[in-house]
$ cat work28.cif   # mmCIF, C-alpha atoms
data_coords
#
loop_
_atom_site.label_atom_id
_atom_site.label_comp_id
_atom_site.auth_asym_id
_atom_site.auth_seq_id
_atom_site.Cartn_x
_atom_site.Cartn_y
_atom_site.Cartn_z
CA MET A 1372 97.56 103.51 105.00
CA ASN A 1373 93.86 103.84 104.43
CA PHE A 1374 92.94 103.90 100.73
CA LYS A 1375 90.22 102.67 98.41
CA VAL A 1376 90.54 101.11 94.95
CA ARG A 1377 87.54 101.72 92.71
CA ALA A 1378 86.58 101.75 89.05
CA ALA A 1379 87.48 105.05 87.44
CA THR A 1380 84.72 107.31 86.17
CA LYS A 1381 84.67 109.82 83.36
CA GLU A 1382 85.06 112.54 85.99
CA ASP A 1383 88.44 111.07 87.03
CA CYS A 1384 90.04 111.58 83.61
CA LYS A 1385 91.73 114.90 84.44
CA GLU A 1386 93.45 113.27 87.42
CA ILE A 1387 94.37 110.18 85.39
CA SER A 1388 95.78 112.46 82.67
CA ARG A 1389 97.86 114.27 85.31
CA MET A 1390 99.31 110.98 86.55
CA ILE A 1391 99.98 109.74 82.99
CA SER A 1392 102.15 112.84 82.54
CA GLU A 1393 103.89 112.20 85.88
CA LEU A 1394 104.61 108.60 84.84
CA ALA A 1395 106.00 109.76 81.49
CA VAL A 1396 108.35 112.20 83.24
CA TYR A 1397 109.56 109.38 85.51
CA GLU A 1398 110.08 107.13 82.48
CA LYS A 1399 112.03 109.95 80.75
CA MET A 1400 109.50 110.12 77.91
CA ALA A 1401 107.41 113.18 78.76
CA GLU A 1402 107.53 114.47 75.18
CA GLN A 1403 105.75 111.33 73.95
CA VAL A 1404 102.50 111.97 75.84
CA LYS A 1405 99.93 113.28 73.36
CA ILE A 1406 96.71 112.01 74.98
CA THR A 1407 94.28 114.50 76.53
CA HIS A 1408 91.75 113.97 79.26
CA GLU A 1409 89.04 114.45 76.62
CA GLU A 1410 90.46 111.52 74.63
CA LEU A 1411 90.59 109.43 77.81
CA GLU A 1412 86.93 110.27 78.42
CA ARG A 1413 85.99 109.27 74.87
CA ASP A 1414 88.13 106.14 74.70
CA GLY A 1415 87.45 104.79 78.18
CA PHE A 1416 83.91 105.89 78.89
CA GLY A 1417 82.17 106.02 75.52
CA GLN A 1418 79.82 103.49 73.99
CA ASN A 1419 82.60 100.97 73.14
CA PRO A 1420 85.42 101.56 75.64
CA PHE A 1421 88.95 100.71 74.54
CA PHE A 1422 90.22 100.39 78.12
CA GLU A 1423 89.19 100.08 81.73
CA CYS A 1424 90.80 101.86 84.64
CA LEU A 1425 90.98 101.63 88.40
CA VAL A 1426 91.98 104.49 90.69
CA ALA A 1427 93.36 104.55 94.21
CA GLU A 1428 91.79 107.17 96.40
CA VAL A 1429 92.91 108.36 99.83
CA PRO A 1430 90.79 110.09 102.48
CA GLU A 1431 91.21 113.78 103.15
CA GLU A 1432 93.64 113.33 106.07
CA HIS A 1433 96.14 111.53 103.79
CA ARG A 1434 95.95 113.85 100.77
CA PRO A 1435 99.09 115.65 99.59
CA LYS A 1436 99.40 119.42 99.91
CA GLU A 1437 97.94 119.80 96.38
CA GLY A 1438 94.76 118.16 97.68
CA PHE A 1439 94.66 115.22 95.25
CA ALA A 1440 92.29 112.46 96.36
CA ILE A 1441 93.36 110.13 93.55
CA VAL A 1442 96.98 109.06 94.06
CA GLY A 1443 97.31 106.09 91.72
CA TYR A 1444 95.77 104.32 88.76
CA ALA A 1445 95.87 101.09 86.79
CA LEU A 1446 94.81 101.28 83.14
CA TYR A 1447 94.21 97.96 81.39
CA PHE A 1448 92.44 96.30 78.47
CA TYR A 1449 91.67 92.82 77.20
CA THR A 1450 93.60 90.87 74.59
CA TYR A 1451 93.41 87.36 73.26
CA SER A 1452 96.12 84.74 72.98
CA THR A 1453 95.65 82.16 70.23
CA TRP A 1454 97.61 79.76 72.46
CA LYS A 1455 96.07 80.50 75.86
CA GLY A 1456 92.83 82.43 75.43
CA ARG A 1457 91.61 85.50 77.30
CA SER A 1458 94.23 87.86 78.68
CA VAL A 1459 94.35 91.21 80.39
CA TYR A 1460 97.09 93.71 79.52
CA LEU A 1461 98.16 96.24 82.13
CA GLU A 1462 99.19 99.35 80.19
CA ASP A 1463 100.02 101.50 83.23
CA LEU A 1464 100.30 101.05 86.97
CA TYR A 1465 101.25 104.28 88.70
CA VAL A 1466 101.32 105.50 92.28
CA MET A 1467 102.45 109.01 93.17
CA PRO A 1468 105.98 108.86 94.68
CA GLU A 1469 104.97 109.96 98.18
CA PHE A 1470 102.40 107.14 98.35
CA ARG A 1471 104.69 104.30 97.25
CA GLY A 1472 105.52 101.51 99.67
CA LYS A 1473 102.11 101.75 101.35
CA GLY A 1474 100.36 98.86 99.56
CA ILE A 1475 98.56 101.01 96.97
CA GLY A 1476 100.40 99.55 93.95
CA LYS A 1477 99.82 96.03 95.26
CA GLY A 1478 96.14 96.88 95.78
CA LEU A 1479 95.76 98.17 92.23
CA LEU A 1480 97.65 95.22 90.71
CA SER A 1481 95.67 92.67 92.71
CA LYS A 1482 92.39 94.30 91.74
CA VAL A 1483 93.32 94.16 88.02
CA ALA A 1484 94.11 90.45 88.51
CA GLU A 1485 90.77 89.93 90.26
CA VAL A 1486 88.86 91.72 87.48
CA GLY A 1487 90.68 89.63 84.88
CA LYS A 1488 89.96 86.36 86.69
CA LYS A 1489 86.25 87.26 86.88
CA LYS A 1490 86.33 87.60 83.07
CA GLN A 1491 88.05 84.21 82.73
CA CYS A 1492 91.41 85.70 81.76
CA VAL A 1493 94.24 83.18 82.05
CA ARG A 1494 97.06 85.69 82.25
CA LEU A 1495 97.99 89.27 83.06
CA GLN A 1496 100.66 90.83 80.87
CA LEU A 1497 102.57 94.11 81.08
CA SER A 1498 105.76 95.78 79.90
CA VAL A 1499 108.45 97.40 82.04
CA LEU A 1500 111.41 99.45 80.88
CA ASP A 1501 114.68 97.55 81.22
CA TRP A 1502 116.27 100.17 83.51
CA ASN A 1503 113.21 100.46 85.78
CA THR A 1504 114.25 97.93 88.41
CA PRO A 1505 111.92 98.85 91.34
CA PRO A 1506 108.74 97.82 89.47
CA ARG A 1507 110.51 94.87 87.83
CA ASP A 1508 111.45 93.63 91.29
CA PHE A 1509 107.94 94.34 92.59
CA TYR A 1510 106.28 92.32 89.80
CA ALA A 1511 108.82 89.50 90.10
CA ALA A 1512 108.15 89.27 93.84
CA LYS A 1513 104.46 88.80 93.00
CA GLY A 1514 105.30 85.98 90.58
CA ALA A 1515 105.59 87.75 87.22
CA GLN A 1516 107.90 86.07 84.70
CA ASP A 1517 110.20 88.09 82.44
CA MET A 1518 109.21 86.76 79.01
CA THR A 1519 112.12 88.54 77.29
CA ALA A 1520 114.59 86.61 79.41
CA SER A 1521 112.76 83.27 79.47
CA GLU A 1522 111.31 83.06 75.94
CA GLY A 1523 113.03 85.83 73.98
CA TRP A 1524 109.91 87.83 73.04
CA HIS A 1525 110.47 91.37 71.73
CA VAL A 1526 107.84 94.10 71.69
CA LEU A 1527 107.40 95.64 68.23
CA ARG A 1528 105.37 98.68 67.22
CA PHE A 1529 104.12 100.36 64.06
CA ALA A 1530 103.33 104.05 64.58
CA GLY A 1531 102.90 107.28 62.64
CA GLN A 1532 103.96 107.11 59.01
CA ASP A 1533 104.96 103.44 59.31
CA LEU A 1534 101.42 102.56 60.44
CA ASP A 1535 99.97 104.69 57.64
CA ASN A 1536 102.19 103.00 55.07
CA LEU A 1537 101.23 99.54 56.29
CA ALA A 1538 97.51 100.38 56.28
CA ASN A 1539 97.81 101.76 52.74
CA GLU A 1540 99.14 98.34 51.62
CA ALA A 1541 95.96 96.57 52.74
CA PRO A 1542 94.11 94.73 49.96
CA LYS A 1543 91.25 96.79 48.56
CA GLU A 1544 87.75 95.38 48.73
#
$ encode --input "work28.cif" --output "structure tokens"
Amino acid sequence: MNFKVRAATKEDCKEISRMISELAVYEKMAEQVKITHEELERDGFGQNPFFECLVAEVPEEHRPKEGFAIVGYALYFYTYSTWKGRSVYLEDLYVMPEFRGKGIGKGLLSKVAEVGKKKQCVRLQLSVLDWNTPPRDFYAAKGAQDMTASEGWHVLRFAGQDLDNLANEAPKE
């Protein structure tokens, strides 16, 4: 299939927001999506962006009946490992269901890896739900290692009131 992977622009945020919601429905967590396209615009395309994003675009003859040109996205940001150095973290990789199996996901993933390598990143990290075997198999086929299985790492999160409580315990200046 003919498609193009390019850097997202501020104007793409409504489409990215649409696909974030589609991904959340697929992951059975639709109620957790609180982000708006305005927040994506601010956080990804402001003076100090928190993330970068790529989109997959198809020509008019391949567009779905809804007319969407953008059929996939990869949203990522940079982290730092005190053991290894520069890293890129892939927050989301999503391709609309009717466009899966056509190389678009591979194109997005490979482009994130290329961008990371150009910035001297030594690894690409991501998280996948334990029940979501198609992407787990896809990433494994590309060489990804399951760090939970091999090293026992667990992902932890502070959010909401727990984050507020922790921040309130910070030493005062």
$ closest_residue --input "work28.cif" --among "A:Phe1509, A:Ile1391, A:Lys1477, A:Cys1492" --to "Lys1455 in chain A" --atoms "all atoms listed in the file"
A:Cys1492
$ resolve_selection --input "work28.cif" --expression "the PyMOL selection byres ((chain A and resi 1429-1442) around 12)" --output "PDB file with C-alpha atoms, in the frame of the given file"
ATOM      1  CA  MET A1372      97.560 103.510 105.000  1.00  0.00           C
ATOM      2  CA  ASN A1373      93.860 103.840 104.430  1.00  0.00           C
ATOM      3  CA  PHE A1374      92.940 103.900 100.730  1.00  0.00           C
ATOM      4  CA  LYS A1375      90.220 102.670  98.410  1.00  0.00           C
ATOM      5  CA  VAL A1376      90.540 101.110  94.950  1.00  0.00           C
ATOM      6  CA  ARG A1377      87.540 101.720  92.710  1.00  0.00           C
ATOM      7  CA  ALA A1378      86.580 101.750  89.050  1.00  0.00           C
ATOM      8  CA  ALA A1379      87.480 105.050  87.440  1.00  0.00           C
ATOM      9  CA  THR A1380      84.720 107.310  86.170  1.00  0.00           C
ATOM     10  CA  GLU A1382      85.060 112.540  85.990  1.00  0.00           C
ATOM     11  CA  ASP A1383      88.440 111.070  87.030  1.00  0.00           C
ATOM     12  CA  CYS A1384      90.040 111.580  83.610  1.00  0.00           C
ATOM     13  CA  LYS A1385      91.730 114.900  84.440  1.00  0.00           C
ATOM     14  CA  GLU A1386      93.450 113.270  87.420  1.00  0.00           C
ATOM     15  CA  ILE A1387      94.370 110.180  85.390  1.00  0.00           C
ATOM     16  CA  SER A1388      95.780 112.460  82.670  1.00  0.00           C
ATOM     17  CA  ARG A1389      97.860 114.270  85.310  1.00  0.00           C
ATOM     18  CA  MET A1390      99.310 110.980  86.550  1.00  0.00           C
ATOM     19  CA  ILE A1391      99.980 109.740  82.990  1.00  0.00           C
ATOM     20  CA  GLU A1393     103.890 112.200  85.880  1.00  0.00           C
ATOM     21  CA  LEU A1394     104.610 108.600  84.840  1.00  0.00           C
ATOM     22  CA  LEU A1425      90.980 101.630  88.400  1.00  0.00           C
ATOM     23  CA  VAL A1426      91.980 104.490  90.690  1.00  0.00           C
ATOM     24  CA  ALA A1427      93.360 104.550  94.210  1.00  0.00           C
ATOM     25  CA  GLU A1428      91.790 107.170  96.400  1.00  0.00           C
ATOM     26  CA  GLY A1443      97.310 106.090  91.720  1.00  0.00           C
ATOM     27  CA  TYR A1444      95.770 104.320  88.760  1.00  0.00           C
ATOM     28  CA  ALA A1445      95.870 101.090  86.790  1.00  0.00           C
ATOM     29  CA  LEU A1464     100.300 101.050  86.970  1.00  0.00           C
ATOM     30  CA  TYR A1465     101.250 104.280  88.700  1.00  0.00           C
ATOM     31  CA  VAL A1466     101.320 105.500  92.280  1.00  0.00           C
ATOM     32  CA  MET A1467     102.450 109.010  93.170  1.00  0.00           C
ATOM     33  CA  PRO A1468     105.980 108.860  94.680  1.00  0.00           C
ATOM     34  CA  GLU A1469     104.970 109.960  98.180  1.00  0.00           C
ATOM     35  CA  PHE A1470     102.400 107.140  98.350  1.00  0.00           C
ATOM     36  CA  ARG A1471     104.690 104.300  97.250  1.00  0.00           C
ATOM     37  CA  LYS A1473     102.110 101.750 101.350  1.00  0.00           C
ATOM     38  CA  ILE A1475      98.560 101.010  96.970  1.00  0.00           C
ATOM     39  CA  GLY A1476     100.400  99.550  93.950  1.00  0.00           C
ATOM     40  CA  LEU A1479      95.760  98.170  92.230  1.00  0.00           C
TER      41      LEU A1479
END
$ residues_around --input "work28.cif" --residues "range 1526-1538 of chain A" --least-positions-apart "5" --cutoff "12 Å" --atoms "all atoms listed in the file" --output "PyMOL selection string"
chain A and resi 1497-1500+1518-1519+1543
$ closest_residue --input "work28.cif" --among "A:Pro1542, A:Ser1392, A:Glu1398, A:Lys1381" --to "Gly1417 in chain A" --atoms "all atoms listed in the file"
A:Lys1381
$ atom_distance --input "work28.cif" --atom1 "CA of Arg1494 in chain A" --atom2 "CA of Gly1514 in chain A"
11.7 Å
$ residues_around --input "work28.cif" --residues "Arg1457 in chain A" --least-positions-apart "6" --cutoff "12 Å" --atoms "all atoms listed in the file" --output "PyMOL selection string"
chain A and resi 1448-1451+1487-1496
$ atom_distance --input "work28.cif" --atom1 "CA of Ala1515 in chain A" --atom2 "CA of Phe1421 in chain A"
24.6 Å
$ atom_distance --input "work28.cif" --atom1 "CA of Gly1478 in chain A" --atom2 "CA of Trp1524 in chain A"
28.1 Å
$ closest_residue --input "work28.cif" --among "A:Ser1452, A:Asn1503, A:Ala1484, A:Gly1472" --to "Lys1399 in chain A" --atoms "only C-alpha atoms"
A:Asn1503
